[in-house]
Every structure is written in C-alpha cells, then in structure tokens.
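Have a look at entry.cif; it's mmCIF, C-alpha atoms:
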```
data_structure
#
loop_
_atom_site.label_atom_id
_atom_site.label_comp_id
_atom_site.auth_asym_id
_atom_site.auth_seq_id
_atom_site.Cartn_x
_atom_site.Cartn_y
_atom_site.Cartn_z
CA MET A 1 -2.97 -27.46 38.58
CA LEU A 2 -5.85 -25.10 37.90
CA THR A 3 -5.08 -21.48 37.13
CA ILE A 4 -7.15 -18.34 37.43
CA PHE A 5 -7.92 -18.77 33.73
CA ASP A 6 -9.44 -22.19 34.36
CA ASP A 7 -11.64 -20.73 37.09
CA PHE A 8 -13.07 -18.25 34.64
CA TYR A 9 -13.57 -20.89 32.01
CA ASN A 10 -15.12 -23.47 34.32
CA ASN A 11 -17.68 -20.88 35.32
CA LYS A 12 -18.37 -20.23 31.63
CA ASN A 13 -18.06 -16.53 32.32
CA ILE A 14 -16.23 -15.17 29.28
CA PRO A 15 -16.93 -11.50 30.12
CA ASP A 16 -15.25 -11.98 33.52
CA PHE A 17 -12.25 -13.44 31.75
CA LEU A 18 -12.03 -10.47 29.37
CA ASP A 19 -12.71 -7.99 32.18
CA ASP A 20 -9.66 -9.13 34.11
CA ASP A 21 -7.10 -6.45 33.23
CA SER A 22 -4.25 -8.64 34.45
CA ILE A 23 -4.49 -10.91 31.39
CA LEU A 24 -3.01 -8.16 29.21
CA ILE A 25 0.01 -7.66 31.47
CA ASN A 26 3.10 -9.23 29.95
CA LYS A 27 0.78 -11.27 27.73
CA GLU A 28 3.48 -12.28 25.24
CA ASN A 29 5.47 -14.05 27.96
CA ASN A 30 2.56 -15.54 29.88
CA ILE A 31 3.08 -19.25 29.20
CA GLN A 32 0.09 -20.30 31.31
CA LEU A 33 -2.21 -18.00 29.38
CA LYS A 34 -0.93 -19.24 26.04
CA GLU A 35 -1.36 -22.89 27.01
CA PHE A 36 -4.81 -22.15 28.36
CA LEU A 37 -5.93 -20.56 25.09
CA ILE A 38 -4.41 -23.29 22.94
CA ASN A 39 -6.11 -26.00 25.02
CA ASN A 40 -9.53 -24.34 24.93
CA GLU A 41 -10.46 -24.02 21.27
CA ASP A 42 -14.11 -23.23 21.91
CA LEU A 43 -13.16 -20.39 24.25
CA VAL A 44 -11.08 -18.80 21.50
CA THR A 45 -14.03 -19.22 19.13
CA GLN A 46 -16.30 -17.43 21.59
CA MET A 47 -13.73 -14.67 21.97
CA LEU A 48 -13.59 -14.20 18.21
CA SER A 49 -17.38 -13.94 18.08
CA TYR A 50 -17.07 -10.50 19.68
CA PHE A 51 -15.96 -9.26 16.26
CA GLN A 52 -19.38 -10.02 14.80
CA TYR A 53 -20.84 -6.60 14.18
CA ASP A 54 -24.33 -5.66 15.32
CA GLU A 55 -25.16 -2.01 14.75
CA LEU A 56 -28.03 -2.28 17.28
CA GLU A 57 -25.75 -3.43 20.11
CA THR A 58 -25.53 -0.82 22.89
CA ASP A 59 -23.40 -2.60 25.50
CA HIS A 60 -20.19 -0.57 25.63
CA LYS A 61 -18.05 -3.52 26.69
CA ARG A 62 -19.51 -5.75 23.99
CA VAL A 63 -18.89 -3.14 21.32
CA ILE A 64 -15.63 -1.54 22.48
CA LYS A 65 -13.74 -3.25 25.30
CA TYR A 66 -14.07 -6.95 24.53
CA PRO A 67 -13.11 -6.73 20.84
CA PHE A 68 -10.08 -4.67 21.87
CA VAL A 69 -8.99 -7.14 24.56
CA VAL A 70 -9.44 -10.09 22.20
CA SER A 71 -7.35 -8.40 19.51
CA GLU A 72 -4.62 -7.58 22.04
CA LEU A 73 -4.54 -11.17 23.29
CA LEU A 74 -4.77 -13.06 20.03
CA GLY A 75 -2.76 -10.45 18.16
CA SER A 76 0.14 -11.17 20.52
CA ILE A 77 -0.30 -14.83 21.45
CA TYR A 78 -0.36 -17.37 18.64
CA ALA A 79 -3.26 -19.61 19.66
CA LEU A 80 -5.40 -19.93 16.54
CA ASN A 81 -6.05 -23.06 14.54
CA SER A 82 -7.46 -23.48 11.04
CA ASN A 83 -11.07 -23.28 12.25
CA HIS A 84 -10.43 -19.96 13.92
CA LEU A 85 -8.66 -18.66 10.85
CA ASN A 86 -11.54 -19.58 8.58
CA PHE A 87 -13.97 -17.96 10.99
CA LEU A 88 -12.07 -14.67 10.71
CA ILE A 89 -11.85 -14.89 6.93
CA GLN A 90 -15.60 -15.45 6.80
CA LEU A 91 -16.10 -12.36 8.94
CA LEU A 92 -14.02 -10.31 6.53
CA ASN A 93 -16.04 -11.73 3.65
CA SER A 94 -19.40 -11.12 5.28
CA GLN A 95 -21.94 -8.90 3.58
CA ASN A 96 -22.17 -6.76 6.72
CA HIS A 97 -19.78 -3.86 6.36
CA LEU A 98 -17.42 -4.00 9.33
CA PRO A 99 -16.29 -0.76 10.99
CA SER A 100 -12.69 0.21 10.31
CA ILE A 101 -11.72 -0.39 13.93
CA THR A 102 -13.07 -3.95 13.75
CA LEU A 103 -11.17 -4.54 10.51
CA GLY A 104 -8.06 -3.41 12.34
CA TYR A 105 -8.67 -5.85 15.19
CA ILE A 106 -9.22 -8.80 12.85
CA THR A 107 -6.23 -8.01 10.64
CA LYS A 108 -3.99 -7.74 13.70
CA ILE A 109 -4.87 -11.30 14.69
CA ILE A 110 -4.49 -12.74 11.19
CA MET A 111 -1.15 -10.96 10.82
CA ASN A 112 -0.02 -12.64 14.03
CA VAL A 113 -0.87 -15.99 12.43
CA LEU A 114 1.08 -15.01 9.31
CA LYS A 115 4.01 -13.91 11.45
CA ASN A 116 4.20 -17.18 13.37
CA ASN A 117 2.96 -19.80 10.92
CA PRO A 118 2.21 -18.47 7.42
CA SER A 119 1.88 -22.01 6.07
CA ILE A 120 -1.31 -22.66 8.01
CA PHE A 121 -2.83 -19.66 6.29
CA TRP A 122 -2.18 -20.86 2.74
CA GLN A 123 -3.09 -24.43 3.68
CA ASN A 124 -6.58 -23.35 4.66
CA VAL A 125 -7.45 -20.29 2.59
CA GLN A 126 -8.44 -20.29 -1.08
CA LEU A 127 -7.77 -17.44 -3.49
CA SER A 128 -11.50 -17.11 -4.12
CA GLN A 129 -11.95 -16.19 -0.45
CA LEU A 130 -9.37 -13.43 -0.73
CA ASN A 131 -10.97 -11.78 -3.76
CA ILE A 132 -13.75 -10.42 -1.56
CA ILE A 133 -11.25 -9.00 0.94
CA ILE A 134 -9.65 -7.06 -1.91
CA ASN A 135 -12.82 -4.97 -2.04
CA ASP A 136 -11.61 -3.21 1.13
CA ILE A 137 -8.01 -2.85 -0.02
CA ASN A 138 -8.14 0.96 0.11
CA ASN A 139 -8.32 0.52 3.89
CA TYR A 140 -4.65 0.60 4.89
CA ASN A 141 -5.12 -2.16 7.50
CA ILE A 142 -6.34 -4.49 4.77
CA ALA A 143 -3.47 -3.46 2.48
CA GLU A 144 -0.97 -4.35 5.21
CA LEU A 145 -2.72 -7.67 5.76
CA LEU A 146 -2.57 -8.55 2.06
CA TYR A 147 1.13 -7.67 1.98
CA SER A 148 1.71 -10.01 4.93
CA MET A 149 -0.12 -12.77 3.05
CA ILE A 150 2.27 -12.39 0.12
CA ILE A 151 5.56 -12.04 2.01
CA TYR A 152 6.50 -14.55 4.69
CA GLN A 153 8.08 -12.79 7.65
CA THR A 154 10.00 -15.91 8.68
CA GLN A 155 13.35 -16.99 7.34
CA GLN A 156 12.25 -20.61 7.01
CA ASN A 157 10.24 -21.98 4.09
CA GLN A 158 10.25 -18.68 2.21
CA LEU A 159 9.37 -20.33 -1.09
CA GLU A 160 6.53 -22.42 0.30
CA TYR A 161 3.22 -21.71 -1.45
CA LEU A 162 5.03 -19.14 -3.60
CA GLU A 163 2.98 -20.06 -6.66
CA GLN A 164 -0.26 -19.28 -4.81
CA ARG A 165 1.17 -16.04 -3.49
CA ILE A 166 2.22 -14.93 -6.97
CA GLN A 167 -1.24 -15.84 -8.26
CA PHE A 168 -2.62 -13.59 -5.57
CA VAL A 169 -0.35 -10.76 -6.74
CA ASP A 170 -1.84 -11.28 -10.22
CA CYS A 171 -5.34 -11.02 -8.74
CA LEU A 172 -4.37 -7.62 -7.39
CA ILE A 173 -2.72 -6.39 -10.58
CA ASN A 174 -5.73 -7.46 -12.65
CA GLN A 175 -7.78 -4.93 -10.67
CA ILE A 176 -5.25 -2.09 -10.78
CA ASN A 177 -7.36 -0.16 -13.31
CA THR A 178 -10.32 0.12 -10.93
CA ASP A 179 -11.29 2.17 -7.90
CA LYS A 180 -9.04 -0.16 -5.88
CA SER A 181 -5.90 1.22 -7.52
CA GLU A 182 -4.77 3.21 -4.48
CA GLY A 183 -4.81 0.23 -2.14
CA ILE A 184 -3.27 -2.11 -4.71
CA SER A 185 -0.54 0.45 -5.33
CA ASN A 186 0.15 0.56 -1.59
CA VAL A 187 0.58 -3.23 -1.48
CA ILE A 188 2.85 -3.27 -4.53
CA CYS A 189 4.98 -0.46 -3.11
CA MET A 190 5.30 -2.42 0.13
CA LEU A 191 6.56 -5.35 -1.94
CA LEU A 192 9.10 -3.12 -3.68
CA ASN A 193 10.34 -1.52 -0.47
CA GLN A 194 11.98 -2.77 2.69
CA ILE A 195 13.98 -5.62 1.22
CA THR A 196 16.03 -7.26 3.94
CA GLU A 197 18.41 -10.18 3.85
CA THR A 198 15.79 -12.24 5.68
CA LEU A 199 13.10 -11.65 3.06
CA GLN A 200 15.21 -11.21 -0.05
CA GLU A 201 14.85 -14.65 -1.64
CA GLN A 202 11.07 -14.60 -1.94
CA LYS A 203 10.88 -10.87 -2.60
CA SER A 204 13.32 -11.01 -5.50
CA LEU A 205 11.14 -13.60 -7.24
CA ILE A 206 7.97 -11.61 -6.65
CA ILE A 207 9.59 -8.37 -7.80
CA LYS A 208 10.84 -10.13 -10.93
CA HIS A 209 7.23 -11.12 -11.60
CA LEU A 210 6.06 -7.51 -11.20
CA TYR A 211 8.27 -6.45 -14.11
CA THR A 212 6.34 -8.81 -16.38
CA LYS A 213 3.22 -6.74 -15.69
CA LEU A 214 4.40 -3.36 -17.00
CA ASN A 215 1.69 -3.28 -19.67
CA ASN A 216 -0.98 -3.57 -16.98
CA PHE A 217 0.49 -0.53 -15.28
CA PHE A 218 0.78 1.44 -18.54
CA ARG A 219 -2.90 0.76 -19.32
CA ALA A 220 -3.98 1.96 -15.88
CA LEU A 221 -1.82 5.10 -15.96
CA PRO A 222 -4.26 7.51 -17.70
CA LEU A 223 -7.06 6.91 -15.18
CA HIS A 224 -4.99 6.39 -12.03
CA PRO A 225 -1.76 8.36 -12.43
CA GLN A 226 -1.04 8.93 -8.74
CA SER A 227 -1.23 5.24 -7.88
CA ILE A 228 0.66 4.02 -10.94
CA LEU A 229 3.41 6.64 -10.77
CA LYS A 230 4.12 5.57 -7.19
CA ILE A 231 4.68 2.05 -8.51
CA PHE A 232 6.95 3.25 -11.33
CA THR A 233 8.96 5.37 -8.89
CA ASN A 234 9.74 2.21 -6.95
CA LEU A 235 10.27 -0.02 -9.98
CA ILE A 236 13.00 2.17 -11.45
CA LYS A 237 15.01 1.81 -8.24
CA TYR A 238 16.00 -1.66 -9.42
CA GLN A 239 17.52 -0.58 -12.73
CA GLN A 240 20.79 -2.37 -12.01
CA TYR A 241 18.93 -5.69 -11.85
CA TYR A 242 16.23 -5.10 -14.48
CA GLU A 243 17.82 -2.71 -16.96
CA SER A 244 15.77 -3.64 -20.03
CA GLU A 245 12.48 -3.50 -18.11
CA VAL A 246 13.29 -0.14 -16.54
CA ASN A 247 14.26 1.16 -19.98
CA GLN A 248 10.73 0.26 -21.10
CA ILE A 249 9.43 2.59 -18.41
CA TYR A 250 11.85 5.33 -19.46
CA ASN A 251 10.92 5.02 -23.14
CA HIS A 252 7.22 5.17 -22.36
CA PHE A 253 7.62 8.52 -20.63
CA LEU A 254 9.96 9.86 -23.30
CA GLN A 255 7.06 9.39 -25.73
CA ILE A 256 4.46 11.32 -23.72
CA GLN A 257 6.47 14.36 -22.64
CA ASP A 258 4.28 16.72 -24.70
CA MET A 259 1.52 16.24 -22.13
CA PHE A 260 2.79 19.31 -20.28
CA SER A 261 1.90 21.44 -23.29
CA ASN A 262 -1.60 19.97 -23.15
CA ILE A 263 -1.87 20.90 -19.48
CA ILE A 264 -0.97 24.50 -20.31
CA GLN A 265 -3.53 24.74 -23.09
CA ASN A 266 -6.46 22.78 -21.72
CA GLN A 267 -6.63 22.90 -17.94
CA ASP A 268 -7.53 25.73 -15.59
CA ASN A 269 -6.70 23.80 -12.41
CA PHE A 270 -3.42 21.98 -12.03
CA GLY A 271 -4.61 19.19 -9.72
CA GLN A 272 -2.95 16.33 -7.87
CA ASN A 273 -2.74 14.04 -10.91
CA ASN A 274 -0.69 16.57 -12.85
CA LEU A 275 1.46 17.24 -9.81
CA ALA A 276 2.16 13.50 -9.60
CA TYR A 277 3.48 13.59 -13.17
CA ILE A 278 5.74 16.57 -12.44
CA GLU A 279 7.06 14.86 -9.31
CA PHE A 280 7.72 11.69 -11.29
CA TYR A 281 9.62 13.59 -14.00
CA ASP A 282 11.74 15.09 -11.24
CA VAL A 283 12.70 11.50 -10.38
CA LEU A 284 13.14 10.51 -14.03
CA THR A 285 15.47 13.38 -14.85
CA ASN A 286 17.94 12.10 -12.28
CA GLN A 287 18.75 9.43 -14.87
CA PRO A 288 21.37 10.32 -17.52
CA TYR A 289 19.50 8.20 -20.09
CA ILE A 290 16.42 10.40 -19.72
CA VAL A 291 18.29 13.72 -19.79
CA GLN A 292 20.21 12.68 -22.90
CA ASN A 293 17.13 11.51 -24.82
CA ILE A 294 14.38 13.85 -23.72
CA ASN A 295 13.43 16.96 -25.67
CA ALA A 296 14.98 19.15 -22.99
CA GLN A 297 14.22 22.43 -24.73
CA GLN A 298 10.52 21.71 -25.14
CA LEU A 299 10.13 20.33 -21.63
CA ALA A 300 11.96 23.21 -19.96
CA GLN A 301 9.90 25.79 -21.84
CA SER A 302 6.68 24.00 -20.92
CA LEU A 303 7.71 23.95 -17.28
CA PHE A 304 8.46 27.68 -17.34
CA LYS A 305 4.95 28.27 -18.65
CA LEU A 306 3.45 26.00 -16.00
CA ILE A 307 5.26 27.89 -13.25
CA GLN A 308 3.89 31.13 -14.63
CA LYS A 309 0.36 29.85 -15.15
CA TYR A 310 0.08 28.29 -11.69
CA GLN A 311 2.18 30.81 -9.82
CA TYR A 312 0.81 29.96 -6.37
CA ASN A 313 1.44 26.22 -6.56
CA ASN A 314 4.59 25.87 -4.46
CA GLN A 315 4.89 22.12 -4.94
CA LEU A 316 4.76 22.52 -8.71
CA HIS A 317 7.41 25.24 -8.55
CA LYS A 318 9.72 23.05 -6.48
CA TYR A 319 9.60 20.05 -8.80
CA ALA A 320 9.58 22.08 -12.01
CA THR A 321 12.59 24.13 -10.92
CA ASN A 322 14.48 20.96 -10.01
CA ILE A 323 13.80 19.55 -13.47
CA ILE A 324 14.77 22.74 -15.31
CA LEU A 325 18.09 22.95 -13.49
CA LYS A 326 18.90 19.40 -14.57
CA LEU A 327 17.89 20.14 -18.18
CA ILE A 328 19.82 23.39 -18.62
CA PRO A 329 23.05 21.73 -19.90
CA GLN A 330 20.98 20.15 -22.71
CA THR A 331 19.17 23.34 -23.75
CA ASP A 332 19.63 26.58 -25.66
CA ASN A 333 20.10 28.86 -22.66
CA GLN A 334 19.38 32.01 -24.63
CA GLN A 335 16.03 30.69 -25.80
CA LEU A 336 15.13 29.58 -22.28
CA LEU A 337 15.97 33.02 -20.96
CA GLU A 338 13.77 34.61 -23.61
CA THR A 339 10.91 32.29 -22.63
CA ALA A 340 11.32 33.18 -18.97
CA ILE A 341 11.36 36.93 -19.73
CA GLN A 342 8.35 36.59 -22.02
CA GLU A 343 6.36 34.78 -19.35
CA PHE A 344 7.37 37.36 -16.75
CA ASN A 345 6.31 40.27 -18.98
CA GLN A 346 3.01 38.58 -19.78
CA GLN A 347 2.23 38.20 -16.10
CA LYS A 348 3.27 41.80 -15.46
CA LYS A 349 0.75 43.01 -18.06
CA ILE A 350 -2.00 40.97 -16.42
CA GLU A 351 -1.20 42.40 -13.00
CA ASP A 352 -1.12 45.97 -14.38
CA LEU A 353 -4.55 45.49 -15.95
CA GLN A 354 -5.94 44.17 -12.68
CA HIS A 355 -4.77 47.30 -10.89
#
```
Transcribe the structure of this file into structure tokens.
Amino acid sequence: MLTIFDDFYNNKNIPDFLDDDSILINKENNIQLKEFLINNEDLVTQMLSYFQYDELETDHKRVIKYPFVVSELLGSIYALNSNHLNFLIQLLNSQNHLPSITLGYITKIIMNVLKNNPSIFWQNVQLSQLNIIINDINNYNIAELLYSMIIYQTQQNQLEYLEQRIQFVDCLINQINTDKSEGISNVICMLLNQITETLQEQKSLIIKHLYTKLNNFFRALPLHPQSILKIFTNLIKYQQYYESEVNQIYNHFLQIQDMFSNIIQNQDNFGQNNLAYIEFYDVLTNQPYIVQNINAQQLAQSLFKLIQKYQYNNQLHKYATNIILKLIPQTDNQQLLETAIQEFNQQKKIEDLQH
C-alpha cells in the first residue's frame, strides 16, 4: 500500500517531502517513515546532499530549513547504510570549511548511527579518515562525536573493535601538545567521567590505557596547562584502582611547587593558566599524601604573597585560602602570621603613598 511518503518520492519532489511538517511529528515511532527511508537509499543520499555547503546559495530553505529537517529525521531514525556513512565522513573531511551549525547536523546523524549500530561505523571507517576530523576537535560537537566513536553506547559487543578505538585514542593523545589540546582534553575528560554499569567494561580498559600515557601529558603541561590539568584532575579520581600511576602525578607536582615563587617574581598579570594551577593544587591538597610531603611552609607563604599581589582576583583568593587552611597543621603558624602581617603592612604603605 502506497503511503504519503511514496507519493512524494514517486513525484521526485524532495523539497515537498522535506516541506511537509508532519514528517517530524512523532518521527521516532513512525514505522512507515522508517521503512520508507530504509527502502529508498537514493532518497536518503539526496537528503544528505543538503549538507554540502555552498556559500553562494541564497535559498533560505536550501540553506536553513532542509538541512535542519534532514538532521532531525536521520538523527532520530536509524536509516543509514555504509554508503551514507562514508558520504558524511567525506563531507567532514572536505576542504570546504563547514559552518558550525552544519557540523552539528552531521554529527547528530553519525552519533545516531553510533548509538544504534557502532559496528557499522568501525567496519567502514579507517583511522586515516578520522585524522582530518580531529582538526575540528575544538568544536564541542566534534569532540562529542569522537567520544561516541570511542565508547559504544550499547551493552552488547562492548569490546568489538576495541583495538581500533584505542588506536584512535592514541591518535588524539599524540596531538595533545598542539593547538588541539582543548578539544582533546574534552574528549579524554568525557572518557574519564560518567562511568555507568552499562559502559564500564570498555571504559575501564580505555582508562587503564590512558594511565600509560602520563609522560605525554607531562610534556604538554608547560604549554597547555589548563587542558592538561583538567585531565589530571580526572585521573586522580581513580587512585584506588591506579595507585602507583596516580602517585606519579602527585610526585610530579611535588617537584614543581616552587613555581608559585616564580609567579610572584616574574609576572605582572596572574592569568588563567596560573589560576588553573592554583585550582589544581586545591584539589591536590585534599590528599593526605600531598599534605604530608609538600613543603607546606614555602607553599603557604607563596600563596599569602600571591593573595597580596593580586588582591582583586577573587578566584585566586578562594583557592589559595582553601589550600592555606589545609596546610596550616603542617606549618610554623607564627612564621605564617608574620608573613601575613608583613604583606599587609607592605600593601598599607603602597596605599598610603598613593593617597
């Protein structure tokens, strides 16, 4: 029996099909619509062609409405085959820079494939194709897509193609010390967060692999502290499972604690990178191992001086005060008090001179 969808298709009028607002109503449960799309591969191909970007195109529907409708349909109804998937990957790899909204549409559809049948993705996509997509990883839509490539969202076949997925993680980590560090950090933090019983088997193996890459993260830290410190903040959450590896992280930061003295001496502006370090040390000093082994006196005095030097930086004050309070039991309180009074008097002199 012919349906309204067949009428549109028989007339070869794709715009009419996409203009019919009723096709988006209850689309996930529309069995006729799903069967129609699955049985008409070339129609789906034509629908996907609306994602091809032409900056000279002026037709509002061609530029705005049709890509949106296609993404809503194919992002909800699993109707793609390997040819469609490769077509979308080629679009992402094209030399023409796609607008962010178009990237969002395409990633929504691919993520629907990954949600329903992740195996078809890894059966048909090569790592070399994904390397180009990594170039846009600082776009959060792309970061979410790459995460969905790595972690199967289904309970079945979680370990299928795991070797390829771990190789892909390595591709990301190998570029962590580049201008892609923010996006790569986002993907890694997604991997380290949101562990559920459904996803735990594959995630535990991937997380275990991440701990073998600590040296990559240490090397990238000086140039990309905000991105790398986010990763370390998440890695140390798993101390009970990876104690020796987390201790490597702790020991690294025990060795560089004099950096706060360098900040005091050499920098006029505090900046987001330095704030990221202070925030991370606030996390670190929650660990007894750190508090017992750190030079608490030196660190607390440096933090007092930072508070005084950057007296209008409320975020710095919050984290620094938190750290000092945790360090007090390990310090010479009298000396700390003298430092605080000295810094206060120094600032008072400056203010008096200004008036």
Inset, instruction - Find, counting only C-alpha atoms, the residue in A:Leu191, A:Gln239, A:Asn177, A:Gly271 that gets nearest to Ser227 (chain A). - result: A:Asn177
Inset, instruction - Would you translate the PyMOL selection byres ((chain A and resi 136-153) around 7) into the concrete set of residues it matches in this file, as a PyMOL selection string? - result: chain A and resi 104+107+111+114-115+118+133-135+154-155+158+165+180+182-184+186-187+190+199
Inset, instruction - Return the single residue from A:Ala79, A:Ile89, A:Leu223, A:Ile23 that is closest to Leu37 (chain A), with distances computed using all atoms listed in the file. - result: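 For Leu37 (chain A), the nearest of the candidates is A:Ala79.
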Inset, instruction - Name all residues at most 9 Å from region 130-132 of chain A (count all atoms listed in the file; drop same-chain ones fewer than 6 positions away) and give them as a list in words. - result: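 The neighbour list is Ile89, Leu92, Asn93, Ser94, Leu146, Phe168, Cys171 and Leu172 of chain A.
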Please evaluate the PyMOL selection byres ((chain A and resi 192) around 10) against the structure above and give the resulting residues as a PDB file with C-alpha atoms, keeping the file's coordinate frame.
```pdb
ATOM      1  CA  ASN A 186       0.150   0.560  -1.590  1.00  0.00           C
ATOM      2  CA  VAL A 187       0.580  -3.230  -1.480  1.00  0.00           C
ATOM      3  CA  ILE A 188       2.850  -3.270  -4.530  1.00  0.00           C
ATOM      4  CA  CYS A 189       4.980  -0.460  -3.110  1.00  0.00           C
ATOM      5  CA  MET A 190       5.300  -2.420   0.130  1.00  0.00           C
ATOM      6  CA  LEU A 191       6.560  -5.350  -1.940  1.00  0.00           C
ATOM      7  CA  ASN A 193      10.340  -1.520  -0.470  1.00  0.00           C
ATOM      8  CA  GLN A 194      11.980  -2.770   2.690  1.00  0.00           C
ATOM      9  CA  ILE A 195      13.980  -5.620   1.220  1.00  0.00           C
ATOM     10  CA  LYS A 203      10.880 -10.870  -2.600  1.00  0.00           C
ATOM     11  CA  SER A 204      13.320 -11.010  -5.500  1.00  0.00           C
ATOM     12  CA  ILE A 206       7.970 -11.610  -6.650  1.00  0.00           C
ATOM     13  CA  ILE A 207       9.590  -8.370  -7.800  1.00  0.00           C
ATOM     14  CA  LEU A 210       6.060  -7.510 -11.200  1.00  0.00           C
ATOM     15  CA  ILE A 231       4.680   2.050  -8.510  1.00  0.00           C
ATOM     16  CA  THR A 233       8.960   5.370  -8.890  1.00  0.00           C
ATOM     17  CA  ASN A 234       9.740   2.210  -6.950  1.00  0.00           C
ATOM     18  CA  LEU A 235      10.270  -0.020  -9.980  1.00  0.00           C
ATOM     19  CA  LYS A 237      15.010   1.810  -8.240  1.00  0.00           C
ATOM     20  CA  TYR A 238      16.000  -1.660  -9.420  1.00  0.00           C
TER      21      TYR A 238
END
```
Inset, instruction - Could you state which residues are captured by the PyMOL selection byres ((chain A and resi 64-75) around 9) in this file, as a ChimeraX atom specification? - result: /A:15,18-19,21,23-24,27-28,44,47-51,59-63,76-80,102,104-113
Output the selection as a PDB file, in the coordinates of the input - C-alpha atoms for each residue.
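What landed in selection-v4.pdb:
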```pdb
ATOM      1  CA  PRO A  15     -16.930 -11.500  30.120  1.00  0.00           C
ATOM      2  CA  LEU A  18     -12.030 -10.470  29.370  1.00  0.00           C
ATOM      3  CA  ASP A  19     -12.710  -7.990  32.180  1.00  0.00           C
ATOM      4  CA  ASP A  21      -7.100  -6.450  33.230  1.00  0.00           C
ATOM      5  CA  ILE A  23      -4.490 -10.910  31.390  1.00  0.00           C
ATOM      6  CA  LEU A  24      -3.010  -8.160  29.210  1.00  0.00           C
ATOM      7  CA  LYS A  27       0.780 -11.270  27.730  1.00  0.00           C
ATOM      8  CA  GLU A  28       3.480 -12.280  25.240  1.00  0.00           C
ATOM      9  CA  VAL A  44     -11.080 -18.800  21.500  1.00  0.00           C
ATOM     10  CA  MET A  47     -13.730 -14.670  21.970  1.00  0.00           C
ATOM     11  CA  LEU A  48     -13.590 -14.200  18.210  1.00  0.00           C
ATOM     12  CA  SER A  49     -17.380 -13.940  18.080  1.00  0.00           C
ATOM     13  CA  TYR A  50     -17.070 -10.500  19.680  1.00  0.00           C
ATOM     14  CA  PHE A  51     -15.960  -9.260  16.260  1.00  0.00           C
ATOM     15  CA  ASP A  59     -23.400  -2.600  25.500  1.00  0.00           C
ATOM     16  CA  HIS A  60     -20.190  -0.570  25.630  1.00  0.00           C
ATOM     17  CA  LYS A  61     -18.050  -3.520  26.690  1.00  0.00           C
ATOM     18  CA  ARG A  62     -19.510  -5.750  23.990  1.00  0.00           C
ATOM     19  CA  VAL A  63     -18.890  -3.140  21.320  1.00  0.00           C
ATOM     20  CA  SER A  76       0.140 -11.170  20.520  1.00  0.00           C
ATOM     21  CA  ILE A  77      -0.300 -14.830  21.450  1.00  0.00           C
ATOM     22  CA  TYR A  78      -0.360 -17.370  18.640  1.00  0.00           C
ATOM     23  CA  ALA A  79      -3.260 -19.610  19.660  1.00  0.00           C
ATOM     24  CA  LEU A  80      -5.400 -19.930  16.540  1.00  0.00           C
ATOM     25  CA  THR A 102     -13.070  -3.950  13.750  1.00  0.00           C
ATOM     26  CA  GLY A 104      -8.060  -3.410  12.340  1.00  0.00           C
ATOM     27  CA  TYR A 105      -8.670  -5.850  15.190  1.00  0.00           C
ATOM     28  CA  ILE A 106      -9.220  -8.800  12.850  1.00  0.00           C
ATOM     29  CA  THR A 107      -6.230  -8.010  10.640  1.00  0.00           C
ATOM     30  CA  LYS A 108      -3.990  -7.740  13.700  1.00  0.00           C
ATOM     31  CA  ILE A 109      -4.870 -11.300  14.690  1.00  0.00           C
ATOM     32  CA  ILE A 110      -4.490 -12.740  11.190  1.00  0.00           C
ATOM     33  CA  MET A 111      -1.150 -10.960  10.820  1.00  0.00           C
ATOM     34  CA  ASN A 112      -0.020 -12.640  14.030  1.00  0.00           C
ATOM     35  CA  VAL A 113      -0.870 -15.990  12.430  1.00  0.00           C
TER      36      VAL A 113
END
```
Legend entry - Of the listed residues A:Tyr53, A:Ile25, A:Ser181, A:Asn30, that which approaches Ser100 (chain A) most closely, counting only C-alpha atoms: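 Among A:Tyr53, A:Ile25, A:Ser181, A:Asn30, it is A:Tyr53 that comes nearest to Ser100 (chain A).
Across the model, the gap from CA of Tyr289 (chain A) to CA of Leu316 (chain A) is 23.5 Å.
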Inset, instruction - List every protein, DNA or RNA residue that has an atom no more than 7 Å from (10.2, -4.4, -16.9) in the file's coordinate frame, counting all atoms listed in the file, and report them as a count of residues only. - result: 8
Inset, instruction - Just give me the gap between CA of Leu327 (chain A) and CA of Tyr277 (chain A) in Å, one decimal is fine. - result: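 About the pair CA of Leu327 (chain A) and CA of Tyr277 (chain A): they are 16.6 Å apart.
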Inset, instruction - Enter the distance from CA of Ile328 (chain A) to CA of Leu221 (chain A), in Å, rounded to one decimal. - result: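 Spanning CA of Ile328 (chain A) to CA of Leu221 (chain A) is a straight-line distance of 28.5 Å.
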Legend entry - Test item: which residues lie within 10 Å of (5.1, 21.1, -5.7) counting all atoms listed in the file, as number ranges by chain: A: 272, 275-276, 278-279, 312-321
